[in-house]
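Structure first, commentary second.
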Amino acid sequence: MRSCFFPARVVVIGMALAGLLTMLTASSSSARQPDRPVLEMKAKEASARSAVHRKGDKSAPSVSWKAPAAGATVKGTIQGSACEVSASDKGGVKRVVFKVDGTVLNTVFSAPWSCTFNSVAVADGAHTLTATAYDGTGNSRSASRTVTIANALAPAPTPTPTPIPEPTPTPEPTPTPEPEPTPTPEPTPTPEPTPIPTPEAPALTVGLDAGNYGSTGAADVRGAVNTVRYETERGVKGLEAFKNAGLRIQMNFSGPYNSGGVCALNASAWVSETLSFYKANTTPAQTPSIEVLNEPGGTWFWGSNATSSSNAVCYRELLKKTYTAFHGQYGSSAPKILGTLDGANGLSFGKAWVTSDWRTYVDGFIVHPYGGTGSRGSSALGNRERIESAHAMTNGPIYITEVGWPTAVSQPSTGDSLQWTESEQAANITNFISWAASTDYIAQVIYFNYRDFGTSSWYGVLRTDGSRKPSYEALRQAALKYGA
C-alpha cells in the first residue's frame with residue numbers, strides 16, 4: 001500500500017484518500033462500458049490515423065487508365081477489364097470513383113478498379129470518363145479518358161439516282177424532249193434512342209430476391225430491377241429463366257445447412273463444387289459477386305455451434321479457399337467474394353472472423369439489417385446502426401443482400417420485423433434505398449422478397465395471388481434513380 005512510504009503523521013490522511021479513491025473507482029466501473037473489441041478496434045484505428053498524420057502523408061495516389069483506349073469507340077455497356085484503371089498508393093488506395101462527364105457511375109473499394117458504364121444512357125459523341133483514386137487520409141488524384149459513344153444506327157444509304165435515258169434519234173428535225181430525271185428520295189432519318197435515366201451519385205446495385213419464381217416471374221422481376229439474388233441450391237431451371245430475361249445474377253451459395261456449423265462442411269469439396277457450378281452456369285460479367293454461405297452465424301440454419309469462435313474460424317478458412325480458387329480460375333476478372341458479418345449475436349460473428357488482412361481473402365461484407373420488433377420508428381428504418389457499425393469495424397464495402405418489411409397486418413410480427421401496411425412498406429423501401437445511396441460505402445441493396453408466402457411472411461412486392469403491391473413500383477423507381 002502506497003501509504004507505507006509516508007511518515008506516520010500522514011498515515012490517517014493516506015488511508016482516507018485511498019478509501020475515497022476506492023469509492024470513485026467502484027462508481028466509475030459500474031457505468032456501462034463499450035464492448036472491448038470495439039474499444040480495441042477504435043484504439044487501433046486512432047493509432048493508425050495518428051501515425052499517418054505524424055508522417056504528414058500528403059502524397060496523392062497514382063491512377064492511370066488501362067481501358068478503354070483514348071479516343072476509343074464505345075457501344076452498349078462496358079465493365080470489368082473493358083473499363084479499368086490501375087491505382088496505387090504507399091498507404092493503400094481506399095476507393096476509386098468513376099464518373100462520365102462529372103456524373104458518378106460507380107464506386108469501387110478494392111482492385112480490380114473497374115467501372116460499369118451503360119453508354120446508351122448518354123448521347124452519341126465525345127464523352128469524358130474520369131477515375132478518382134482516394135487514399136486513407138483523403139488525398140486524391142484523377143485521370144480522364146475521352147471516348148466516342150456510337151450507339152445510334154447508321155443512316156440508311158442514299159439510293160442511286162435512276163439514269164437519264166438518251167433521246168431516241170428521229171428523222172424529224174424537231175428533237176425529242178428529254179424525260180424528267182427521277183427525283184432522288186430523301187433518306188429516312190434514324191430516330192435517336194430513348195435515353196436511359198442516369199443514376200444519381202453514388203451508384204449502387206439495387207436488386208430483388210426472387211426465390212423460386214424464375215420460371216414464371218423472370219420477366220416481371222426484370223421489369224423492376226436488373227439484378228436478382230438466386231439461391232444455387234434451387235438448381236438451374238429458374239437460373240436459366242433469369243439469365244434469359246437479361247438479369248444480372250447475385251449467386252447465393254447458401255448451404256448445405258447442417259446442425260454442426262461451418263466446421264461440419266468439407267471445405268475443399270465445397271469450394272470445388274461451388275467453382276464447378278459457377279463455371280458451368282455463368283460468367284463474371286453476368287454474376288459479378290457471390291455469397292459464401294447464407295447467414296453462417298445464425299443458429300436457425302447452422303445449429304448451436306454457429307455463434308462459437310471455432311465456427312467463425314472455419315468460416316474464415318472457407319472464405320480463403322474460395323477466394324484462392326476463384327482468383328486462380330479467373331484472375332483479376334474473378335467475381336467478388338462476399339462474407340457475412342451478422343448472426344444470432346449481432347456482429348459478434350464478424351468480429352470473430354475478420355482480420356486486418358481481410359482484403360487478401362474477401363472483397364466485401366454482407367449484412368441483413370431487418371428492422372426488428374421494437375419501436376415502429378426504428379423498425380421502419382431497417383437496422384442502420386448495424387450497417388454503420390459493420391462499416392466502422394471493417395472500413396470495407398457493405399452488401400445488403402436481405403432487408404424487408406412484411407404486410408400481414410392482421411398477423412403477429414415475424415422474428416425480423418413488425419407488420420406494415422402496403423403503403424408503409426413502399427415508403428420504407430424508398431427511404432432505405434435513398435439513405436443507402438447517400439453513403440459512400442454501401443455497394444448493394446437487395447430487397448427480400450419478390451412474392452408473399454405463408455401466413456405472416458408477406459415481405460413480397462407481389463401479393464400471394466401475383467398482383468403487384470405499391471412497393472413494386474417503389475422498388476422500380478429506386479432502381480431507376482440509384483441502381484447501377
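Labels used: A, B, ... for chains in the order of the C-alpha cells, numbers from 1 for residues in each chain, and numbers from 1 for ligands as shown.
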### Task
Write out as a PyMOL selection string which residues come within 6 Å of range 223-225 of chain A when counting only C-alpha atoms, dropping same-chain ones fewer than 4 positions away.
chain A and resi 207+476+479
### Message
Just want the 9 Å neighbourhood of Ala219 in chain A, counted on only C-alpha atoms, with same-chain residues fewer than 3 positions away dropped. Output as a list in words.
### Response
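With the cut-off at 9 Å, the set is Gly214, Thr216, Arg222, Gly223, Ala241, Phe242, Ala245 and Gly246 of chain A.
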#### Entry: Test item: residues at most 6 Å from range 396-405 of chain A, only C-alpha atoms, excluding those fewer than 2 positions along its chain, as JSON, numbers by chain
{"A": [364, 365, 366, 367, 368, 369, 370, 391, 394, 425, 441, 442, 443, 444, 445, 446, 447, 448, 459]}
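For the set A:Ala390, A:Ala126, A:Leu318, A:Ala426, the residue with the smallest atom-to-atom gap to Ser471 in chain A is A:Ala426, counting only C-alpha atoms.
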### Message
What's around Thr373 in chain A at 8 Å? Count only C-alpha atoms, leave out sequence neighbours fewer than 3 positions away in its own chain, and write the answer as number ranges by chain.
### Response
A: 376, 379, 413-418
For the selection just defined, write its residues with C-alpha atoms to a file, as a PDB file, in the first residue's frame.
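Output saved as part_28.pdb:
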```
ATOM      1  CA  ARG A 376     -42.155   1.411 -35.263  1.00  0.00           C
ATOM      2  CA  SER A 379     -38.123  -0.726 -37.374  1.00  0.00           C
ATOM      3  CA  SER A 413     -44.725  -9.748 -36.011  1.00  0.00           C
ATOM      4  CA  THR A 414     -42.185 -12.019 -37.651  1.00  0.00           C
ATOM      5  CA  GLY A 415     -38.882 -12.691 -35.934  1.00  0.00           C
ATOM      6  CA  ASP A 416     -37.293  -9.938 -38.020  1.00  0.00           C
ATOM      7  CA  SER A 417     -39.880  -7.182 -38.319  1.00  0.00           C
ATOM      8  CA  LEU A 418     -43.159  -5.605 -37.305  1.00  0.00           C
TER       9      LEU A 418
END
```
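Excluding range 289-301 of chain A and any residue on its chain fewer than 5 positions from it, the residues at most 7 Å away by only C-alpha atoms are Gln250, Met251, Asn252, Phe253, Ser254, Gly255, Tyr257, Asn258, Val262, Ala306, Thr307, Leu319, Pro335, Lys336, Ile337, Leu338, Gly339, Thr340, Asp342, Gly343, Ala344 and Phe349 of chain A.
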### Query
Quick one: of A:Ala380, A:Val313, A:Ala325, A:Val221, who's nearest to Val461 in chain A, counting only C-alpha atoms?
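Ranking A:Ala380, A:Val313, A:Ala325, A:Val221 by distance to Val461 in chain A, first place goes to A:Val221.
Using only C-alpha atoms for every distance, the candidate list A:Ser81, A:Thr73, A:Ser110, A:Ser259 yields A:Ser81 as the residue closest to Gly331 in chain A.
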